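Note: the block below is upload11.txt and it holds compact mmCIF, C-alpha atoms and all ligand atoms.
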# COMPACT_ATOMS: atom_id res chain seq x y z
CA VAL A 1 0.00 0.00 0.00
CA GLU A 2 1.34 3.44 -0.92
CA ARG A 3 1.69 6.02 1.83
CA PRO A 4 -0.67 8.96 1.25
CA ILE A 5 1.05 12.21 0.30
CA ARG A 6 1.00 14.84 3.06
CA VAL A 7 -0.55 18.08 1.82
CA TRP A 8 -1.66 20.44 4.63
CA ASP A 9 -0.12 20.81 8.09
CA ALA A 10 -2.37 20.90 11.15
CA PRO A 11 -2.26 24.70 11.64
CA VAL A 12 -3.59 25.35 8.11
CA ARG A 13 -6.44 22.86 8.63
CA VAL A 14 -7.42 23.96 12.13
CA VAL A 15 -7.28 27.65 11.18
CA HIS A 16 -9.39 27.03 8.05
CA TRP A 17 -12.25 25.24 9.79
CA ALA A 18 -12.14 27.55 12.81
CA ILE A 19 -12.51 30.56 10.49
CA VAL A 20 -15.45 28.90 8.72
CA VAL A 21 -17.27 28.28 12.02
CA LEU A 22 -16.47 31.71 13.46
CA ILE A 23 -17.52 33.66 10.35
CA ALA A 24 -20.88 31.91 10.49
CA PHE A 25 -21.09 32.68 14.21
CA SER A 26 -20.05 36.35 13.71
CA TRP A 27 -22.76 36.73 11.09
CA TRP A 28 -25.37 35.10 13.34
CA CYS A 29 -24.41 37.40 16.21
CA ALA A 30 -24.62 40.50 13.99
CA GLU A 31 -28.05 39.42 12.65
CA ASN A 32 -29.33 38.98 16.19
CA ARG A 33 -27.53 42.09 17.47
CA ILE A 34 -25.51 40.14 20.03
CA MET A 35 -22.69 42.56 19.48
CA ASP A 36 -20.45 41.73 22.43
CA TRP A 37 -20.10 38.20 21.07
CA HIS A 38 -19.82 39.54 17.51
CA VAL A 39 -16.77 41.53 18.57
CA ARG A 40 -15.23 38.61 20.54
CA SER A 41 -15.75 36.25 17.65
CA GLY A 42 -14.43 38.83 15.16
CA LEU A 43 -11.28 39.38 17.22
CA THR A 44 -10.70 35.64 17.29
CA VAL A 45 -11.02 35.55 13.49
CA LEU A 46 -8.55 38.44 13.41
CA ALA A 47 -6.06 36.41 15.44
CA LEU A 48 -6.56 33.43 13.12
CA VAL A 49 -6.12 35.48 9.96
CA VAL A 50 -3.00 37.19 11.34
CA PHE A 51 -1.70 33.75 12.26
CA ARG A 52 -2.40 32.51 8.71
CA LEU A 53 -0.57 35.50 7.23
CA ILE A 54 2.49 34.85 9.43
CA TRP A 55 2.24 31.11 8.65
CA GLY A 56 2.28 32.03 4.97
CA VAL A 57 5.85 33.26 5.53
CA ILE A 58 7.32 30.90 8.16
CA GLY A 59 4.92 27.91 8.04
CA GLY A 60 4.96 24.51 6.33
CA SER A 61 5.91 24.50 2.65
CA THR A 62 2.35 24.24 1.26
CA ALA A 63 1.19 27.17 3.42
CA ARG A 64 3.77 29.59 2.00
CA PHE A 65 2.60 32.43 -0.22
CA ALA A 66 5.96 32.62 -1.97
CA ARG A 67 5.44 29.05 -3.13
CA PHE A 68 1.83 29.10 -4.27
CA VAL A 69 1.08 32.66 -5.37
CA ARG A 70 1.92 32.62 -9.08
CA GLY A 71 1.66 34.99 -12.01
CA PRO A 72 -0.94 35.01 -14.81
CA ARG A 73 1.21 32.80 -17.02
CA ALA A 74 1.24 29.98 -14.46
CA VAL A 75 -2.53 30.33 -14.04
CA ALA A 76 -3.08 30.12 -17.81
CA GLU A 77 -0.77 27.12 -18.06
CA TYR A 78 -2.66 25.42 -15.24
CA LEU A 79 -6.01 26.06 -16.95
CA ARG A 80 -4.64 24.58 -20.18
CA ALA A 81 -2.93 21.47 -18.83
CA GLY A 82 -3.35 21.51 -15.07
CA SER A 83 -2.62 18.45 -12.98
CA PRO A 84 -3.52 17.80 -9.31
CA HIS A 85 -1.32 19.69 -6.84
CA ALA A 86 -0.05 18.75 -3.39
CA GLY A 87 -1.15 22.18 -2.20
CA HIS A 88 -2.85 25.08 -3.93
CA SER A 89 -3.03 25.17 -7.70
CA PRO A 90 -2.10 28.52 -9.31
CA LEU A 91 -5.82 29.22 -9.78
CA GLY A 92 -6.75 28.15 -6.26
CA ALA A 93 -4.09 30.54 -4.97
CA LEU A 94 -5.97 33.47 -6.50
CA SER A 95 -9.08 32.64 -4.49
CA VAL A 96 -7.02 32.23 -1.31
CA VAL A 97 -5.50 35.68 -1.75
CA ALA A 98 -8.90 37.22 -2.55
CA LEU A 99 -10.55 35.60 0.48
CA LEU A 100 -7.77 36.70 2.82
CA ALA A 101 -7.72 40.24 1.37
CA VAL A 102 -11.46 40.75 1.82
CA LEU A 103 -11.25 39.25 5.31
CA VAL A 104 -8.55 41.79 6.22
CA VAL A 105 -10.88 44.61 5.09
CA GLN A 106 -13.79 43.04 7.01
CA LEU A 107 -11.75 42.76 10.20
CA GLY A 108 -9.99 46.11 9.84
CA THR A 109 -13.22 48.08 9.34
CA GLY A 110 -14.93 46.19 12.19
CA LEU A 111 -12.31 47.50 14.61
CA PHE A 112 -13.30 51.11 13.86
CA ALA A 113 -17.05 50.63 13.29
CA VAL A 114 -19.88 52.04 15.41
CA ASP A 115 -23.60 51.46 14.94
CA VAL A 116 -26.03 54.34 14.25
CA ASP A 117 -26.65 55.17 17.90
CA GLY A 118 -22.98 54.81 18.82
CA ILE A 119 -23.66 52.01 21.32
CA ASP A 120 -22.04 49.01 19.68
CA SER A 121 -18.51 49.74 18.65
CA GLY A 122 -15.23 48.17 17.63
CA PRO A 123 -12.32 48.39 20.10
CA LEU A 124 -10.47 51.08 18.09
CA SER A 125 -13.45 53.29 17.19
CA PHE A 126 -12.51 55.72 19.99
CA LEU A 127 -9.53 56.74 17.85
CA VAL A 128 -11.67 58.22 15.04
CA SER A 129 -14.63 60.62 14.67
CA PHE A 130 -18.20 59.32 14.73
CA GLU A 131 -18.53 60.05 11.00
CA ALA A 132 -15.38 58.09 10.19
CA ALA A 133 -16.56 55.21 12.37
CA ARG A 134 -19.91 55.19 10.53
CA SER A 135 -18.05 55.06 7.21
CA ALA A 136 -16.05 52.12 8.56
CA ALA A 137 -19.36 50.41 9.44
CA GLU A 138 -20.63 51.01 5.91
CA VAL A 139 -17.51 49.51 4.34
CA HIS A 140 -17.88 46.66 6.86
CA GLU A 141 -21.34 45.93 5.45
CA VAL A 142 -20.26 46.14 1.79
CA SER A 143 -17.21 43.96 2.35
CA PHE A 144 -19.42 41.39 4.03
CA ASP A 145 -21.46 41.05 0.82
CA LEU A 146 -18.21 40.75 -1.10
CA LEU A 147 -17.01 38.09 1.36
CA LEU A 148 -20.25 36.12 0.94
CA GLY A 149 -19.82 36.24 -2.84
CA LEU A 150 -16.25 34.99 -2.62
CA ILE A 151 -17.23 32.23 -0.19
CA ALA A 152 -19.97 31.07 -2.59
CA LEU A 153 -17.44 31.01 -5.44
CA HIS A 154 -14.89 29.23 -3.23
CA VAL A 155 -17.31 26.50 -2.16
CA ALA A 156 -18.56 26.08 -5.75
CA ALA A 157 -14.96 25.70 -6.99
CA VAL A 158 -14.17 23.15 -4.29
CA LEU A 159 -17.32 21.18 -5.12
CA PHE A 160 -16.42 21.25 -8.82
CA TYR A 161 -13.05 19.64 -8.07
CA VAL A 162 -14.61 17.10 -5.72
CA LEU A 163 -17.57 16.08 -7.88
CA VAL A 164 -16.34 16.59 -11.46
CA ARG A 165 -12.56 16.25 -11.23
CA LYS A 166 -12.81 13.59 -8.49
CA GLN A 167 -10.08 15.22 -6.38
CA PRO A 168 -10.71 14.69 -2.63
CA LEU A 169 -10.03 18.34 -1.67
CA ILE A 170 -12.40 18.47 1.31
CA ARG A 171 -11.14 15.21 2.77
CA ARG A 172 -7.53 16.34 2.50
CA MET A 173 -8.36 19.68 4.13
CA ILE A 174 -9.59 17.55 7.07
CA THR A 175 -6.99 14.76 7.21
CA GLY A 176 -4.10 16.69 5.68
CA THR A 177 -3.23 13.83 3.33
CA ASP A 178 -4.19 12.81 -0.20
CA SER A 179 -3.80 9.20 -1.32
CA THR A 180 -4.81 9.98 -4.93
CA LEU A 181 -1.67 12.03 -5.65
CA VAL A 182 1.16 10.26 -7.46
CA PRO A 183 3.99 9.15 -5.18
CA GLY A 184 6.86 11.56 -5.48
CA ALA A 185 4.62 14.58 -5.87
CA ALA A 186 6.28 17.35 -3.87
CA SER A 187 4.69 16.79 -0.49
CA LEU A 188 4.49 18.94 2.62
CA VAL A 189 7.71 19.92 4.35
CA PRO A 190 6.43 20.72 7.85
CA ALA A 191 7.71 23.66 9.90
CA PRO A 192 9.30 23.13 13.34
CA ALA A 193 7.03 23.50 16.37
CA TRP A 194 8.72 26.63 17.75
CA ARG A 195 7.49 28.54 14.71
CA LEU A 196 3.94 27.54 15.54
CA VAL A 197 4.41 28.91 19.05
CA LEU A 198 5.95 32.13 17.72
CA ALA A 199 3.16 32.71 15.17
CA ALA A 200 0.38 31.86 17.65
CA LEU A 201 1.80 34.13 20.38
CA THR A 202 2.27 37.02 17.94
CA ALA A 203 -1.24 36.70 16.48
CA GLY A 204 -2.91 36.19 19.87
CA GLY A 205 -0.91 39.02 21.40
CA LEU A 206 -1.90 41.43 18.63
CA ALA A 207 -5.62 40.62 19.02
CA TRP A 208 -5.33 41.02 22.79
CA TRP A 209 -3.56 44.38 22.44
CA ILE A 210 -6.19 45.64 19.97
CA ASN A 211 -8.95 44.49 22.30
CA ARG A 212 -7.34 46.58 25.05
CA GLY A 213 -7.62 49.64 22.79
CA LEU A 214 -3.85 49.46 22.17
CA GLY A 215 -3.45 50.17 25.87
CA LEU A 216 -4.40 53.85 25.32
C1 LIG A 301 -15.50 37.52 10.93
C2 LIG A 301 -15.49 38.72 10.45
C3 LIG A 301 -16.72 39.59 10.54
C4 LIG A 301 -17.90 39.47 9.89
C5 LIG A 301 -18.30 38.37 8.92
C6 LIG A 301 -18.73 40.60 10.28
C7 LIG A 301 -19.99 40.85 9.81
C8 LIG A 301 -20.82 41.88 10.23
C9 LIG A 301 -22.15 42.10 9.79
C10 LIG A 301 -22.89 41.27 8.77
C11 LIG A 301 -22.62 43.21 10.45
C12 LIG A 301 -24.01 43.82 10.33
C13 LIG A 301 -24.00 45.03 9.47
C14 LIG A 301 -25.37 45.64 9.52
O1 LIG A 301 -26.20 45.22 8.71
O2 LIG A 301 -25.59 46.50 10.38
C15 LIG A 301 -21.57 43.67 11.32
C16 LIG A 301 -21.67 44.77 12.17
C17 LIG A 301 -20.70 45.17 13.04
N1 LIG A 301 -19.46 44.57 13.22
FE1 LIG A 301 -18.75 42.98 12.21
N2 LIG A 301 -18.03 41.35 11.19
C18 LIG A 301 -16.80 40.75 11.38
C19 LIG A 301 -15.80 41.20 12.22
C20 LIG A 301 -15.90 42.27 13.09
C21 LIG A 301 -14.86 42.71 13.98
C22 LIG A 301 -13.45 42.11 14.05
C23 LIG A 301 -15.36 43.75 14.68
C24 LIG A 301 -14.69 44.54 15.75
C25 LIG A 301 -13.83 44.02 16.58
C26 LIG A 301 -16.71 43.99 14.22
C27 LIG A 301 -17.54 44.99 14.67
C28 LIG A 301 -18.79 45.25 14.19
C29 LIG A 301 -19.62 46.35 14.67
C30 LIG A 301 -19.24 47.37 15.75
C31 LIG A 301 -20.82 46.30 13.94
C32 LIG A 301 -22.03 47.23 14.06
C33 LIG A 301 -21.98 48.24 12.95
C34 LIG A 301 -23.36 48.76 12.60
O3 LIG A 301 -24.34 48.36 13.23
O4 LIG A 301 -23.44 49.53 11.65
N3 LIG A 301 -17.01 43.07 13.24
N4 LIG A 301 -20.48 42.84 11.18
C1 LIG A 302 -16.26 31.12 5.76
C2 LIG A 302 -16.06 30.48 4.64
C3 LIG A 302 -14.70 30.09 4.12
C4 LIG A 302 -13.55 30.81 4.04
C5 LIG A 302 -13.31 32.25 4.47
C6 LIG A 302 -12.56 29.92 3.45
C7 LIG A 302 -11.25 30.30 3.19
C8 LIG A 302 -10.29 29.46 2.68
C9 LIG A 302 -8.92 29.79 2.53
C10 LIG A 302 -8.28 31.15 2.89
C11 LIG A 302 -8.29 28.71 2.03
C12 LIG A 302 -6.81 28.56 1.78
C13 LIG A 302 -6.27 27.66 2.84
C14 LIG A 302 -4.89 28.03 3.24
O1 LIG A 302 -3.98 28.04 2.39
O2 LIG A 302 -4.69 28.33 4.44
C15 LIG A 302 -9.27 27.67 1.85
C16 LIG A 302 -9.02 26.40 1.35
C17 LIG A 302 -9.97 25.40 1.25
N1 LIG A 302 -11.29 25.50 1.64
FE1 LIG A 302 -12.20 27.09 2.40
N2 LIG A 302 -13.12 28.72 3.20
C18 LIG A 302 -14.44 28.77 3.59
C19 LIG A 302 -15.37 27.78 3.54
C20 LIG A 302 -15.14 26.53 3.07
C21 LIG A 302 -16.13 25.46 3.03
C22 LIG A 302 -17.58 25.57 3.51
C23 LIG A 302 -15.51 24.38 2.48
C24 LIG A 302 -16.09 23.02 2.18
C25 LIG A 302 -16.98 22.83 1.25
C26 LIG A 302 -14.15 24.75 2.19
C27 LIG A 302 -13.20 23.93 1.64
C28 LIG A 302 -11.90 24.27 1.40
C29 LIG A 302 -10.92 23.37 0.83
C30 LIG A 302 -11.18 21.92 0.41
C31 LIG A 302 -9.72 24.06 0.73
C32 LIG A 302 -8.40 23.55 0.16
C33 LIG A 302 -8.43 23.69 -1.32
C34 LIG A 302 -7.25 22.98 -1.95
O3 LIG A 302 -7.07 21.80 -1.70
O4 LIG A 302 -6.50 23.66 -2.71
N3 LIG A 302 -13.96 26.06 2.55
N4 LIG A 302 -10.48 28.15 2.26

Please re-express this file's structure in structure tokens.
Amino acid sequence: VERPIRVWDAPVRVVHWAIVVLIAFSWWCAENRIMDWHVRSGLTVLALVVFRLIWGVIGGSTARFARFVRGPRAVAEYLRAGSPHAGHSPLGALSVVALLAVLVVQLGTGLFAVDVDGIDSGPLSFLVSFEAARSAAEVHEVSFDLLLGLIALHVAAVLFYVLVRKQPLIRRMITGTDSTLVPGAASLVPAPAWRLVLAALTAGGLAWWINRGLGL
């Protein structure tokens, strides 16, 4: 029996599914105006996204932006004659970058947002005028629609690969391994544990510091 190829390290997988759950929860809290939990949940997503951005520089090989973010030529080549990847394909990388970019806008504007009566507010809204904080809230709403659109596209793309191309992308985002890849496909080179500690402490510390209003 061939050993399955390792694709995603545990941090990438845990962060992915935690973000999925917490975005749904953040949305539910906002809909039901449970804003204290919306802010807590949002700050946790912020820590996870910051972690993912750091992990994209110092993490396992398949998590690294420098490895998977490719130019238009690589994307075109993949569309023409693409084969399964142990990691993101050049096209998949585009959606990763788009999702993370819109999430950064969503999280960043949330920090400065206030609601119409100035009661519910992000932890940094005290730094800006009420008008600016209302603008942040408006961008926060627009970027949420954008995020929903990207998520729909993302899930549709994943389902296309699973159902039509018969690539077990969801399973490998859960188990981290893919037994359908050819042996010898460049598999995951994991990062040492101290980097995980460093990235987690930095991301958690930043969220904590923001939550404290930067200590001001
Ligand atoms: C997971 C990321 C997030 C999502 C998906 C999200 C989504 C939303 C949605 C859908 C609303 C309701 C907009 C409306 O119709 O009034 C909202 C409002 C709000 N969010 Fe977030 N949010 C996120 C992160 C954050 C963060 C990190 C903060 C601050 C720490 C934050 C602070 C706020 C505030 C203060 C409001 C009220 C603004 C208003 O009522 O106009 N959000 N958010
Ligand atoms: C809140 C919604 C979601 C967001 C923001 C999101 C975001 C992301 C991001 C940023 C990545 C890149 C992973 C990385 O390199 O760290 C990714 C990958 C992935 N996501 Fe999601 N995702 C969402 C929902 C889902 C759902 C519902 C599914 C299942 C149907 C899913 C399945 C996957 C899979 C299978 C991959 C790996 C794709 C591959 O093998 O190249 N995602 N997602």

Near ligand LIG 301 (chain A), 6 Å: chain A residue rows, closest pairs, all atoms listed in the file, as JSON lines:
{"residue": "A:Ile23", "atom": "CA", "partner": "A:LIG301", "partner_atom": "C1", "distance": 4.4}
{"residue": "A:Ser26", "atom": "CA", "partner": "A:LIG301", "partner_atom": "C4", "distance": 5.4}
{"residue": "A:Trp27", "atom": "CA", "partner": "A:LIG301", "partner_atom": "C10", "distance": 5.1}
{"residue": "A:Ala30", "atom": "CA", "partner": "A:LIG301", "partner_atom": "C11", "distance": 4.9}
{"residue": "A:Val39", "atom": "CA", "partner": "A:LIG301", "partner_atom": "C25", "distance": 4.3}
{"residue": "A:Gly42", "atom": "CA", "partner": "A:LIG301", "partner_atom": "C22", "distance": 3.6}
{"residue": "A:Leu43", "atom": "CA", "partner": "A:LIG301", "partner_atom": "C22", "distance": 4.7}
{"residue": "A:Val45", "atom": "CA", "partner": "A:LIG301", "partner_atom": "C1", "distance": 5.5}
{"residue": "A:Gln106", "atom": "CA", "partner": "A:LIG301", "partner_atom": "C3", "distance": 5.7}
{"residue": "A:Leu107", "atom": "CA", "partner": "A:LIG301", "partner_atom": "C22", "distance": 4.3}
{"residue": "A:Gly110", "atom": "CA", "partner": "A:LIG301", "partner_atom": "C26", "distance": 3.5}
{"residue": "A:Leu111", "atom": "CA", "partner": "A:LIG301", "partner_atom": "C24", "distance": 4.0}
{"residue": "A:Ala113", "atom": "CA", "partner": "A:LIG301", "partner_atom": "C30", "distance": 4.6}
{"residue": "A:Val114", "atom": "CA", "partner": "A:LIG301", "partner_atom": "C30", "distance": 4.7}
{"residue": "A:Asp115", "atom": "CA", "partner": "A:LIG301", "partner_atom": "C34", "distance": 3.6}
{"residue": "A:Asp120", "atom": "CA", "partner": "A:LIG301", "partner_atom": "C30", "distance": 5.1}
{"residue": "A:Ser121", "atom": "CA", "partner": "A:LIG301", "partner_atom": "C30", "distance": 3.8}
{"residue": "A:Gly122", "atom": "CA", "partner": "A:LIG301", "partner_atom": "C24", "distance": 4.1}
{"residue": "A:Pro123", "atom": "CA", "partner": "A:LIG301", "partner_atom": "C25", "distance": 5.8}
{"residue": "A:Ala137", "atom": "CA", "partner": "A:LIG301", "partner_atom": "O4", "distance": 4.7}
{"residue": "A:Glu141", "atom": "CA", "partner": "A:LIG301", "partner_atom": "C13", "distance": 4.9}
{"residue": "A:Phe144", "atom": "CA", "partner": "A:LIG301", "partner_atom": "C7", "distance": 5.8}

Would you list the residues that come within 7 Å of ligand LIG 302 (chain A)? Count all atoms listed in the file and give the answer as a PDB file with C-alpha atoms, in the frame of the given file.
ATOM      1  CA  VAL A  12      -3.590  25.350   8.110  1.00  0.00           C
ATOM      2  CA  HIS A  16      -9.390  27.030   8.050  1.00  0.00           C
ATOM      3  CA  ILE A  19     -12.510  30.560  10.490  1.00  0.00           C
ATOM      4  CA  VAL A  20     -15.450  28.900   8.720  1.00  0.00           C
ATOM      5  CA  VAL A  21     -17.270  28.280  12.020  1.00  0.00           C
ATOM      6  CA  ILE A  23     -17.520  33.660  10.350  1.00  0.00           C
ATOM      7  CA  ALA A  24     -20.880  31.910  10.490  1.00  0.00           C
ATOM      8  CA  ARG A  52      -2.400  32.510   8.710  1.00  0.00           C
ATOM      9  CA  ALA A  63       1.190  27.170   3.420  1.00  0.00           C
ATOM     10  CA  GLY A  87      -1.150  22.180  -2.200  1.00  0.00           C
ATOM     11  CA  HIS A  88      -2.850  25.080  -3.930  1.00  0.00           C
ATOM     12  CA  SER A  89      -3.030  25.170  -7.700  1.00  0.00           C
ATOM     13  CA  GLY A  92      -6.750  28.150  -6.260  1.00  0.00           C
ATOM     14  CA  VAL A  96      -7.020  32.230  -1.310  1.00  0.00           C
ATOM     15  CA  LEU A  99     -10.550  35.600   0.480  1.00  0.00           C
ATOM     16  CA  LEU A 100      -7.770  36.700   2.820  1.00  0.00           C
ATOM     17  CA  ILE A 151     -17.230  32.230  -0.190  1.00  0.00           C
ATOM     18  CA  HIS A 154     -14.890  29.230  -3.230  1.00  0.00           C
ATOM     19  CA  VAL A 155     -17.310  26.500  -2.160  1.00  0.00           C
ATOM     20  CA  VAL A 158     -14.170  23.150  -4.290  1.00  0.00           C
ATOM     21  CA  LEU A 159     -17.320  21.180  -5.120  1.00  0.00           C
ATOM     22  CA  LEU A 169     -10.030  18.340  -1.670  1.00  0.00           C
ATOM     23  CA  ILE A 170     -12.400  18.470   1.310  1.00  0.00           C
ATOM     24  CA  ARG A 172      -7.530  16.340   2.500  1.00  0.00           C
ATOM     25  CA  MET A 173      -8.360  19.680   4.130  1.00  0.00           C
TER      26      MET A 173
END

Expressed in Å, the length from CA of Leu188 (chain A) to CA of His85 (chain A) is 11.1 Å

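If you look at CA of Val197 (chain A) and CA of Val49 (chain A), they are 15.4 Å away from each other.
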
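In terms of minimum interatomic distance to Leu206 (chain A), A:Val50 ranks closest within A:Ala133, A:Asp117, A:Ile5, A:Val50, counting all atoms listed in the file.
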
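The space separating CA of Ala98 (chain A) from CA of Ala157 (chain A) comes to 13.8 Å.
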
Between A:Val128, A:Ser143, A:Leu201, A:Ala81, smallest distance to Ala101 (chain A) by all atoms listed in the file belongs to A:Ser143

With distances taken over all atoms listed in the file, the candidate from A:Val14, A:Ile119, A:Ala93, A:Val7 nearest Arg33 (chain A) is A:Ile119

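The list of residues with at least one atom within 7 Å of Thr109 (chain A), based on all atoms listed in the file and without residues fewer than 6 positions apart in the same chain, reads Ala136, Ala137, Val139 and His140 of chain A.
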
Residues just named, written with C-alpha atoms as a CSV table (one decimal), keeping the file's coordinate frame:
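The result, stored in part25.csv:
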chain,number,residue,atom,x,y,z
A,136,ALA,CA,-16.0,52.1,8.6
A,137,ALA,CA,-19.4,50.4,9.4
A,139,VAL,CA,-17.5,49.5,4.3
A,140,HIS,CA,-17.9,46.7,6.9

Restricting to all atoms listed in the file, whichever of A:Ala86, A:Trp55, A:Leu216, A:Leu91 is closest to Arg70 (chain A) is A:Leu91

N, CA and C atoms are needed for region 129-150 of chain A; please write them out as an mmCIF file, in the coordinates of the input.
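Output contents, as saved in part-v7.cif:
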data_model
loop_
_atom_site.group_PDB
_atom_site.id
_atom_site.type_symbol
_atom_site.label_atom_id
_atom_site.label_comp_id
_atom_site.auth_asym_id
_atom_site.auth_seq_id
_atom_site.Cartn_x
_atom_site.Cartn_y
_atom_site.Cartn_z
ATOM 1 N N SER A 129 -13.377 59.893 14.473
ATOM 2 C CA SER A 129 -14.630 60.620 14.670
ATOM 3 C C SER A 129 -15.817 59.692 14.459
ATOM 4 N N PHE A 130 -16.991 60.116 14.921
ATOM 5 C CA PHE A 130 -18.200 59.320 14.730
ATOM 6 C C PHE A 130 -18.480 59.101 13.240
ATOM 7 N N GLU A 131 -18.272 60.160 12.448
ATOM 8 C CA GLU A 131 -18.530 60.050 11.000
ATOM 9 C C GLU A 131 -17.598 59.004 10.373
ATOM 10 N N ALA A 132 -16.337 59.055 10.747
ATOM 11 C CA ALA A 132 -15.380 58.090 10.190
ATOM 12 C C ALA A 132 -15.749 56.671 10.628
ATOM 13 N N ALA A 133 -16.188 56.539 11.872
ATOM 14 C CA ALA A 133 -16.560 55.210 12.370
ATOM 15 C C ALA A 133 -17.805 54.690 11.650
ATOM 16 N N ARG A 134 -18.721 55.614 11.306
ATOM 17 C CA ARG A 134 -19.910 55.190 10.530
ATOM 18 C C ARG A 134 -19.495 54.760 9.120
ATOM 19 N N SER A 135 -18.534 55.471 8.536
ATOM 20 C CA SER A 135 -18.050 55.060 7.210
ATOM 21 C C SER A 135 -17.416 53.675 7.299
ATOM 22 N N ALA A 136 -16.656 53.444 8.370
ATOM 23 C CA ALA A 136 -16.050 52.120 8.560
ATOM 24 C C ALA A 136 -17.145 51.058 8.619
ATOM 25 N N ALA A 137 -18.252 51.363 9.327
ATOM 26 C CA ALA A 137 -19.360 50.410 9.440
ATOM 27 C C ALA A 137 -19.989 50.141 8.080
ATOM 28 N N GLU A 138 -20.044 51.211 7.242
ATOM 29 C CA GLU A 138 -20.630 51.010 5.910
ATOM 30 C C GLU A 138 -19.745 50.124 5.037
ATOM 31 N N VAL A 139 -18.439 50.376 5.100
ATOM 32 C CA VAL A 139 -17.510 49.510 4.340
ATOM 33 C C VAL A 139 -17.599 48.081 4.880
ATOM 34 N N HIS A 140 -17.751 47.969 6.199
ATOM 35 C CA HIS A 140 -17.880 46.660 6.860
ATOM 36 C C HIS A 140 -19.062 45.882 6.290
ATOM 37 N N GLU A 141 -20.159 46.591 6.017
ATOM 38 C CA GLU A 141 -21.340 45.930 5.450
ATOM 39 C C GLU A 141 -21.109 45.518 3.997
ATOM 40 N N VAL A 142 -20.510 46.430 3.210
ATOM 41 C CA VAL A 142 -20.260 46.140 1.790
ATOM 42 C C VAL A 142 -19.262 44.981 1.667
ATOM 43 N N SER A 143 -18.216 45.011 2.480
ATOM 44 C CA SER A 143 -17.210 43.960 2.350
ATOM 45 C C SER A 143 -17.779 42.612 2.792
ATOM 46 N N PHE A 144 -18.792 42.661 3.655
ATOM 47 C CA PHE A 144 -19.420 41.390 4.030
ATOM 48 C C PHE A 144 -20.121 40.756 2.824
ATOM 49 N N ASP A 145 -20.818 41.586 2.023
ATOM 50 C CA ASP A 145 -21.460 41.050 0.820
ATOM 51 C C ASP A 145 -20.411 40.477 -0.144
ATOM 52 N N LEU A 146 -19.302 41.198 -0.251
ATOM 53 C CA LEU A 146 -18.210 40.750 -1.100
ATOM 54 C C LEU A 146 -17.667 39.404 -0.598
ATOM 55 N N LEU A 147 -17.511 39.325 0.729
ATOM 56 C CA LEU A 147 -17.010 38.090 1.360
ATOM 57 C C LEU A 147 -17.965 36.930 1.070
ATOM 58 N N LEU A 148 -19.268 37.180 1.220
ATOM 59 C CA LEU A 148 -20.250 36.120 0.940
ATOM 60 C C LEU A 148 -20.138 35.638 -0.499
ATOM 61 N N GLY A 149 -19.964 36.595 -1.432
ATOM 62 C CA GLY A 149 -19.820 36.240 -2.840
ATOM 63 C C GLY A 149 -18.598 35.358 -3.069
ATOM 64 N N LEU A 150 -17.473 35.762 -2.457
ATOM 65 C CA LEU A 150 -16.250 34.990 -2.620
ATOM 66 C C LEU A 150 -16.369 33.598 -2.000
#
